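**Student:** First the structure, then my questions, so here it is.
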Amino acid sequence: MSYLAGRFGHDYVMSYGVTLRIGVISFIIGLLLAILLTMARISPIPPLRTAISGYVEIFRNIPVLCLLLFIVYGLPEVGLTLDYEPSVIAALVLVSSAFGCDNLRSGINAVDPGQIEAARSLGLSFGGITRSIVLPQALSTVVQPMVTLFISVIISSSTGALVPIAHNELTGLVSQINTKEALGIPTFVVAALFYVATGLVIGAIGRIIEKRAVIWR
């Protein structure tokens with residue numbers, strides 16, 4: 001372990017930064033897309049609701065790895081080519097937005113229907129009710145599921161090890177070290193500690209947000 005810290009410590013830190021960058025960007029974009037998808041999913045337009053439900057069912061049930069391989073090796077066949085890191089982010093966004101949309105729908109189901117009826121009686125439009133009443137309460141209700149999704153996105157960024165990203169993410173670095181040095185289990189243990197520490201920090205922040213969300217509600 002001391003050899004790893006001295007020889008590859010800087011590489012671990014840099015690769016961890018790449019992992020965080022991919023995970024955070026993917027989650028933020030996925031969350032924003034999930035909000036838009038949720039608004040469309042509860043809209044009064046049946047074909048739109050059906051299309052969004054299909055989107056959620058498809059991408060919720062496709063492994064990130066399979067989706068990444070399709071983006072990297074399948075899309076070029078139809079003339080669309082992405083760099084490797086944007087490909088990883090795109091795969092994570094598609095999957096996380098589907099799960100995020102499902103989480104938000106559960107949060108919306110917890111909103112008191114009486115509030116919606118009262119807003120309608122005051123003449124608020126669908127968009128106004130959704131923005132002012134439904135989404136704020138739904139988001140505050142699903143803090144923990146979203147925290148779990150965020151942790152999952154960070155972990156799933158390890159699929160980037162399967163494509164040649166310009167700067168290795170954490171799992172890719174481990175594979176590279178073992179290819180050159182054959183150090184075995186200790187290299188994976190160090191990477192696992194980074195992932196576990198990240199999950200614990202995100203979970204702690206999520207609990208703080210959840211407590212404040214209870215007050216907001």
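Identifiers in this document derive from the order of the structure tokens: chains are assigned A, B, ..., residues are numbered from 1 separately in each chain, and ligands are numbered from 1 in order of occurrence.
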Do a neighbour search on A:Leu82 at 8 Å with only C-alpha atoms, toss out local chain neighbours closer than 3 positions, and write the hits as a list of chain:residue names.

**Tutor:**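 The neighbour list is A:Ile71, A:Val72, A:Pro86, A:Ser87.
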
**Student:** Save the residues we just selected, N, CA and C atoms, as a short mmCIF file (atom, residue, chain, number, x, y, z; two decimals), in the first residue's frame?

**Tutor:**
```cif
data_model
loop_
_atom_site.label_atom_id
_atom_site.label_comp_id
_atom_site.auth_asym_id
_atom_site.auth_seq_id
_atom_site.Cartn_x
_atom_site.Cartn_y
_atom_site.Cartn_z
N ILE A 71 -23.42 3.28 -27.89
CA ILE A 71 -23.08 4.66 -28.24
C ILE A 71 -21.71 4.74 -28.91
N VAL A 72 -20.75 3.99 -28.35
CA VAL A 72 -19.37 4.07 -28.85
C VAL A 72 -19.21 3.36 -30.19
N PRO A 86 -17.53 11.97 -23.47
CA PRO A 86 -18.94 12.33 -23.68
C PRO A 86 -19.83 11.12 -23.89
N SER A 87 -19.30 10.04 -24.43
CA SER A 87 -20.09 8.82 -24.61
C SER A 87 -20.47 8.23 -23.27
#
```

**Student:** Give one line per residue of stretch 63-102 of chain A that approaches stretch 161-179 of chain A to at most 10 Å, naming the two atoms of the closest pair and their distance in Å to one decimal, counting only C-alpha atoms; sort by chain then ascending residue number and deliver it as a tab-separated table.

**Tutor:**
```
residue	atom	partner	partner_atom	distance
A:Leu65	CA	A:Leu162	CA	8.7
A:Leu68	CA	A:Val163	CA	9.0
A:Leu69	CA	A:Val163	CA	8.8
A:Val72	CA	A:Val163	CA	8.4
A:Asp83	CA	A:Ile165	CA	8.4
A:Tyr84	CA	A:Ile165	CA	5.6
A:Glu85	CA	A:Ile165	CA	5.7
A:Pro86	CA	A:Ile165	CA	9.5
A:Ser87	CA	A:Val163	CA	9.3
A:Val88	CA	A:Val163	CA	8.6
```

**Student:** Compare A:Val147, A:Ile42, A:Leu37, A:Val64 by their minimum atom-to-atom distance to A:Ile129, counting only C-alpha atoms, and give me the closest one.

**Tutor:**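 That would be A:Ile42, the residue with the smallest distance to A:Ile129.
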
**Student:** Interatomic distance between atom CA of A:Thr198 and atom CA of A:Gln144?

**Tutor:**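 Here the two named atoms are 15.5 Å from each other.
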
**Student:** For a quick check of understanding, using only C-alpha atoms, which of A:Val189, A:Ala40, A:Ala110, A:Ile209 has the smallest distance to A:Tyr12?

**Tutor:**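 Comparing A:Val189, A:Ala40, A:Ala110, A:Ile209 against A:Tyr12, the winner is A:Val189.
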
**Student:** Need the shell around A:Tyr55: protein/DNA/RNA residues with any atom at most 12 Å away, counting only C-alpha atoms. Skip same-chain ones fewer than 6 positions apart. Format as a PDB file with all heavy atoms, in the first residue's frame?

**Tutor:**
```
ATOM      1  N   LEU A  33     -32.895  16.655 -16.928  1.00  0.00           N
ATOM      2  CA  LEU A  33     -33.691  15.945 -17.939  1.00  0.00           C
ATOM      3  C   LEU A  33     -34.840  15.186 -17.283  1.00  0.00           C
ATOM      4  O   LEU A  33     -35.952  15.150 -17.820  1.00  0.00           O
ATOM      5  CB  LEU A  33     -32.790  14.984 -18.716  1.00  0.00           C
ATOM      6  CG  LEU A  33     -33.457  14.156 -19.817  1.00  0.00           C
ATOM      7  CD1 LEU A  33     -34.151  15.057 -20.832  1.00  0.00           C
ATOM      8  CD2 LEU A  33     -32.422  13.270 -20.515  1.00  0.00           C
ATOM      9  N   ALA A  34     -34.590  14.618 -16.105  1.00  0.00           N
ATOM     10  CA  ALA A  34     -35.639  13.884 -15.387  1.00  0.00           C
ATOM     11  C   ALA A  34     -36.792  14.803 -15.016  1.00  0.00           C
ATOM     12  O   ALA A  34     -37.965  14.401 -15.082  1.00  0.00           O
ATOM     13  CB  ALA A  34     -35.062  13.234 -14.131  1.00  0.00           C
ATOM     14  N   LEU A  37     -38.740  15.391 -18.173  1.00  0.00           N
ATOM     15  CA  LEU A  37     -39.469  14.170 -18.514  1.00  0.00           C
ATOM     16  C   LEU A  37     -40.678  13.975 -17.605  1.00  0.00           C
ATOM     17  O   LEU A  37     -41.753  13.558 -18.052  1.00  0.00           O
ATOM     18  CB  LEU A  37     -38.544  12.959 -18.413  1.00  0.00           C
ATOM     19  CG  LEU A  37     -37.423  12.858 -19.455  1.00  0.00           C
ATOM     20  CD1 LEU A  37     -36.473  11.719 -19.101  1.00  0.00           C
ATOM     21  CD2 LEU A  37     -38.002  12.641 -20.854  1.00  0.00           C
ATOM     22  N   THR A  38     -40.502  14.292 -16.336  1.00  0.00           N
ATOM     23  CA  THR A  38     -41.600  14.130 -15.377  1.00  0.00           C
ATOM     24  C   THR A  38     -42.747  15.079 -15.697  1.00  0.00           C
ATOM     25  O   THR A  38     -43.923  14.692 -15.625  1.00  0.00           O
ATOM     26  CB  THR A  38     -41.094  14.374 -13.952  1.00  0.00           C
ATOM     27  OG1 THR A  38     -40.017  13.478 -13.672  1.00  0.00           O
ATOM     28  CG2 THR A  38     -42.195  14.153 -12.932  1.00  0.00           C
ATOM     29  N   ALA A  40     -43.495  16.191 -18.583  1.00  0.00           N
ATOM     30  CA  ALA A  40     -44.162  15.660 -19.770  1.00  0.00           C
ATOM     31  C   ALA A  40     -44.975  14.416 -19.427  1.00  0.00           C
ATOM     32  O   ALA A  40     -46.050  14.183 -20.000  1.00  0.00           O
ATOM     33  CB  ALA A  40     -43.129  15.332 -20.838  1.00  0.00           C
ATOM     34  N   ARG A  41     -44.476  13.644 -18.466  1.00  0.00           N
ATOM     35  CA  ARG A  41     -45.139  12.382 -18.122  1.00  0.00           C
ATOM     36  C   ARG A  41     -46.470  12.596 -17.414  1.00  0.00           C
ATOM     37  O   ARG A  41     -47.354  11.729 -17.464  1.00  0.00           O
ATOM     38  CB  ARG A  41     -44.202  11.544 -17.249  1.00  0.00           C
ATOM     39  CG  ARG A  41     -44.565  10.061 -17.180  1.00  0.00           C
ATOM     40  CD  ARG A  41     -43.544   9.295 -16.378  1.00  0.00           C
ATOM     41  NE  ARG A  41     -43.780   7.866 -16.423  1.00  0.00           N
ATOM     42  CZ  ARG A  41     -43.068   6.964 -15.759  1.00  0.00           C
ATOM     43  NH1 ARG A  41     -42.070   7.372 -14.987  1.00  0.00           N
ATOM     44  NH2 ARG A  41     -43.343   5.685 -15.850  1.00  0.00           N
ATOM     45  N   LEU A  48     -47.890  12.084 -25.414  1.00  0.00           N
ATOM     46  CA  LEU A  48     -46.645  12.491 -24.778  1.00  0.00           C
ATOM     47  C   LEU A  48     -46.383  11.648 -23.533  1.00  0.00           C
ATOM     48  O   LEU A  48     -45.249  11.205 -23.295  1.00  0.00           O
ATOM     49  CB  LEU A  48     -46.709  13.974 -24.419  1.00  0.00           C
ATOM     50  CG  LEU A  48     -45.431  14.603 -23.858  1.00  0.00           C
ATOM     51  CD1 LEU A  48     -44.268  14.438 -24.830  1.00  0.00           C
ATOM     52  CD2 LEU A  48     -45.661  16.075 -23.541  1.00  0.00           C
ATOM     53  N   ARG A  49     -47.426  11.406 -22.752  1.00  0.00           N
ATOM     54  CA  ARG A  49     -47.266  10.567 -21.560  1.00  0.00           C
ATOM     55  C   ARG A  49     -46.817   9.161 -21.942  1.00  0.00           C
ATOM     56  O   ARG A  49     -45.949   8.572 -21.296  1.00  0.00           O
ATOM     57  CB  ARG A  49     -48.583  10.499 -20.780  1.00  0.00           C
ATOM     58  CG  ARG A  49     -49.021  11.814 -20.171  1.00  0.00           C
ATOM     59  CD  ARG A  49     -50.016  11.581 -19.035  1.00  0.00           C
ATOM     60  NE  ARG A  49     -51.170  10.799 -19.463  1.00  0.00           N
ATOM     61  CZ  ARG A  49     -52.297  11.317 -19.914  1.00  0.00           C
ATOM     62  NH1 ARG A  49     -52.418  12.645 -20.020  1.00  0.00           N
ATOM     63  NH2 ARG A  49     -53.312  10.544 -20.258  1.00  0.00           N
ATOM     64  N   ASN A  61     -34.111  -0.171 -17.993  1.00  0.00           N
ATOM     65  CA  ASN A  61     -33.847  -1.608 -18.050  1.00  0.00           C
ATOM     66  C   ASN A  61     -32.673  -1.981 -18.952  1.00  0.00           C
ATOM     67  O   ASN A  61     -32.471  -3.165 -19.247  1.00  0.00           O
ATOM     68  CB  ASN A  61     -35.107  -2.345 -18.515  1.00  0.00           C
ATOM     69  CG  ASN A  61     -36.232  -2.261 -17.494  1.00  0.00           C
ATOM     70  OD1 ASN A  61     -36.139  -2.834 -16.424  1.00  0.00           O
ATOM     71  ND2 ASN A  61     -37.293  -1.526 -17.819  1.00  0.00           N
ATOM     72  N   ILE A  62     -31.910  -0.984 -19.403  1.00  0.00           N
ATOM     73  CA  ILE A  62     -30.710  -1.251 -20.189  1.00  0.00           C
ATOM     74  C   ILE A  62     -29.488  -1.034 -19.301  1.00  0.00           C
ATOM     75  O   ILE A  62     -29.334   0.039 -18.727  1.00  0.00           O
ATOM     76  CB  ILE A  62     -30.625  -0.330 -21.423  1.00  0.00           C
ATOM     77  CG1 ILE A  62     -31.778  -0.602 -22.382  1.00  0.00           C
ATOM     78  CG2 ILE A  62     -29.295  -0.548 -22.150  1.00  0.00           C
ATOM     79  CD1 ILE A  62     -31.757   0.270 -23.619  1.00  0.00           C
ATOM     80  N   LEU A  94     -28.714   9.117 -19.843  1.00  0.00           N
ATOM     81  CA  LEU A  94     -29.923   8.434 -20.305  1.00  0.00           C
ATOM     82  C   LEU A  94     -30.489   7.516 -19.216  1.00  0.00           C
ATOM     83  O   LEU A  94     -31.698   7.511 -18.964  1.00  0.00           O
ATOM     84  CB  LEU A  94     -29.610   7.626 -21.571  1.00  0.00           C
ATOM     85  CG  LEU A  94     -29.329   8.459 -22.835  1.00  0.00           C
ATOM     86  CD1 LEU A  94     -28.839   7.556 -23.962  1.00  0.00           C
ATOM     87  CD2 LEU A  94     -30.572   9.215 -23.273  1.00  0.00           C
ATOM     88  N   VAL A  95     -29.606   6.765 -18.575  1.00  0.00           N
ATOM     89  CA  VAL A  95     -30.074   5.830 -17.543  1.00  0.00           C
ATOM     90  C   VAL A  95     -30.524   6.581 -16.290  1.00  0.00           C
ATOM     91  O   VAL A  95     -31.591   6.297 -15.728  1.00  0.00           O
ATOM     92  CB  VAL A  95     -28.966   4.815 -17.198  1.00  0.00           C
ATOM     93  CG1 VAL A  95     -29.376   3.955 -16.005  1.00  0.00           C
ATOM     94  CG2 VAL A  95     -28.672   3.924 -18.403  1.00  0.00           C
ATOM     95  N   SER A  96     -29.718   7.558 -15.846  1.00  0.00           N
ATOM     96  CA  SER A  96     -30.069   8.269 -14.612  1.00  0.00           C
ATOM     97  C   SER A  96     -31.327   9.109 -14.776  1.00  0.00           C
ATOM     98  O   SER A  96     -32.114   9.256 -13.830  1.00  0.00           O
ATOM     99  CB  SER A  96     -28.894   9.162 -14.163  1.00  0.00           C
ATOM    100  OG  SER A  96     -28.628  10.185 -15.110  1.00  0.00           O
ATOM    101  N   SER A  97     -31.564   9.659 -15.969  1.00  0.00           N
ATOM    102  CA  SER A  97     -32.779  10.449 -16.182  1.00  0.00           C
ATOM    103  C   SER A  97     -34.019   9.562 -16.113  1.00  0.00           C
ATOM    104  O   SER A  97     -35.068   9.998 -15.622  1.00  0.00           O
ATOM    105  CB  SER A  97     -32.718  11.179 -17.527  1.00  0.00           C
ATOM    106  OG  SER A  97     -32.692  10.260 -18.607  1.00  0.00           O
ATOM    107  N   ALA A  98     -33.896   8.319 -16.587  1.00  0.00           N
ATOM    108  CA  ALA A  98     -35.036   7.399 -16.507  1.00  0.00           C
ATOM    109  C   ALA A  98     -35.350   7.049 -15.053  1.00  0.00           C
ATOM    110  O   ALA A  98     -36.512   7.087 -14.631  1.00  0.00           O
ATOM    111  CB  ALA A  98     -34.732   6.128 -17.305  1.00  0.00           C
ATOM    112  N   PHE A  99     -34.321   6.723 -14.285  1.00  0.00           N
ATOM    113  CA  PHE A  99     -34.543   6.412 -12.873  1.00  0.00           C
ATOM    114  C   PHE A  99     -35.000   7.656 -12.107  1.00  0.00           C
ATOM    115  O   PHE A  99     -35.853   7.574 -11.223  1.00  0.00           O
ATOM    116  CB  PHE A  99     -33.269   5.849 -12.247  1.00  0.00           C
ATOM    117  CG  PHE A  99     -33.062   4.390 -12.505  1.00  0.00           C
ATOM    118  CD1 PHE A  99     -32.189   3.962 -13.490  1.00  0.00           C
ATOM    119  CD2 PHE A  99     -33.738   3.440 -11.767  1.00  0.00           C
ATOM    120  CE1 PHE A  99     -32.001   2.610 -13.736  1.00  0.00           C
ATOM    121  CE2 PHE A  99     -33.567   2.086 -11.998  1.00  0.00           C
ATOM    122  CZ  PHE A  99     -32.691   1.669 -12.989  1.00  0.00           C
ATOM    123  N   CYS A 101     -36.703  10.184 -13.279  1.00  0.00           N
ATOM    124  CA  CYS A 101     -38.098  10.446 -13.627  1.00  0.00           C
ATOM    125  C   CYS A 101     -39.025   9.537 -12.825  1.00  0.00           C
ATOM    126  O   CYS A 101     -40.078   9.976 -12.335  1.00  0.00           O
ATOM    127  CB  CYS A 101     -38.299  10.222 -15.124  1.00  0.00           C
ATOM    128  SG  CYS A 101     -39.976  10.510 -15.713  1.00  0.00           S
ATOM    129  N   ASP A 102     -38.629   8.281 -12.665  1.00  0.00           N
ATOM    130  CA  ASP A 102     -39.444   7.353 -11.888  1.00  0.00           C
ATOM    131  C   ASP A 102     -39.486   7.763 -10.414  1.00  0.00           C
ATOM    132  O   ASP A 102     -40.529   7.677  -9.774  1.00  0.00           O
ATOM    133  CB  ASP A 102     -38.862   5.942 -12.013  1.00  0.00           C
ATOM    134  CG  ASP A 102     -39.943   4.905 -12.233  1.00  0.00           C
ATOM    135  OD1 ASP A 102     -40.995   5.237 -12.799  1.00  0.00           O
ATOM    136  OD2 ASP A 102     -39.723   3.740 -11.843  1.00  0.00           O
TER     137      ASP A 102
END
```

**Student:** Which residues are near A:Asp112? Cut-off 12 Å, only C-alpha atoms, ignore same chain within fewer than 3 positions. Put them as a ChimeraX atom specification.

**Tutor:** /A:107-109,115-119,133-134,137-138,217

**Student:** How many Å lie between atom CA of A:Thr81 and atom CA of A:Val153, rounded to one decimal?

**Tutor:**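 Distance between the two atoms: 22.9 Å.
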
**Student:** Apply DSSP to the backbone of this structure and, from stretch 18-82 of chain A, keep only the residues in alpha helix (DSSP H); write these as a PyMOL selection string.

**Tutor:** chain A and resi 18-41+46-60+64-69

**Student:** Could you name the residues that touch A:Val93 at 9 Å or less, counting only C-alpha atoms, but leaving out those on the same chain fewer than 6 positions away, as number ranges by chain?

**Tutor:** A: 25-31, 33, 153

**Student:** Take the selection from the previous step and output its residues with C-alpha atoms, as a PDB file, in the first residue's frame.

**Tutor:**
```
ATOM      1  CA  ILE A  25     -21.900  16.225 -14.819  1.00  0.00           C
ATOM      2  CA  SER A  26     -23.932  13.122 -15.644  1.00  0.00           C
ATOM      3  CA  PHE A  27     -26.092  13.418 -12.536  1.00  0.00           C
ATOM      4  CA  ILE A  28     -26.818  17.135 -12.945  1.00  0.00           C
ATOM      5  CA  ILE A  29     -27.792  16.764 -16.607  1.00  0.00           C
ATOM      6  CA  GLY A  30     -29.731  13.600 -15.798  1.00  0.00           C
ATOM      7  CA  LEU A  31     -31.630  15.346 -12.989  1.00  0.00           C
ATOM      8  CA  LEU A  33     -33.691  15.945 -17.939  1.00  0.00           C
ATOM      9  CA  VAL A 153     -23.992   7.263 -11.113  1.00  0.00           C
TER      10      VAL A 153
END
```
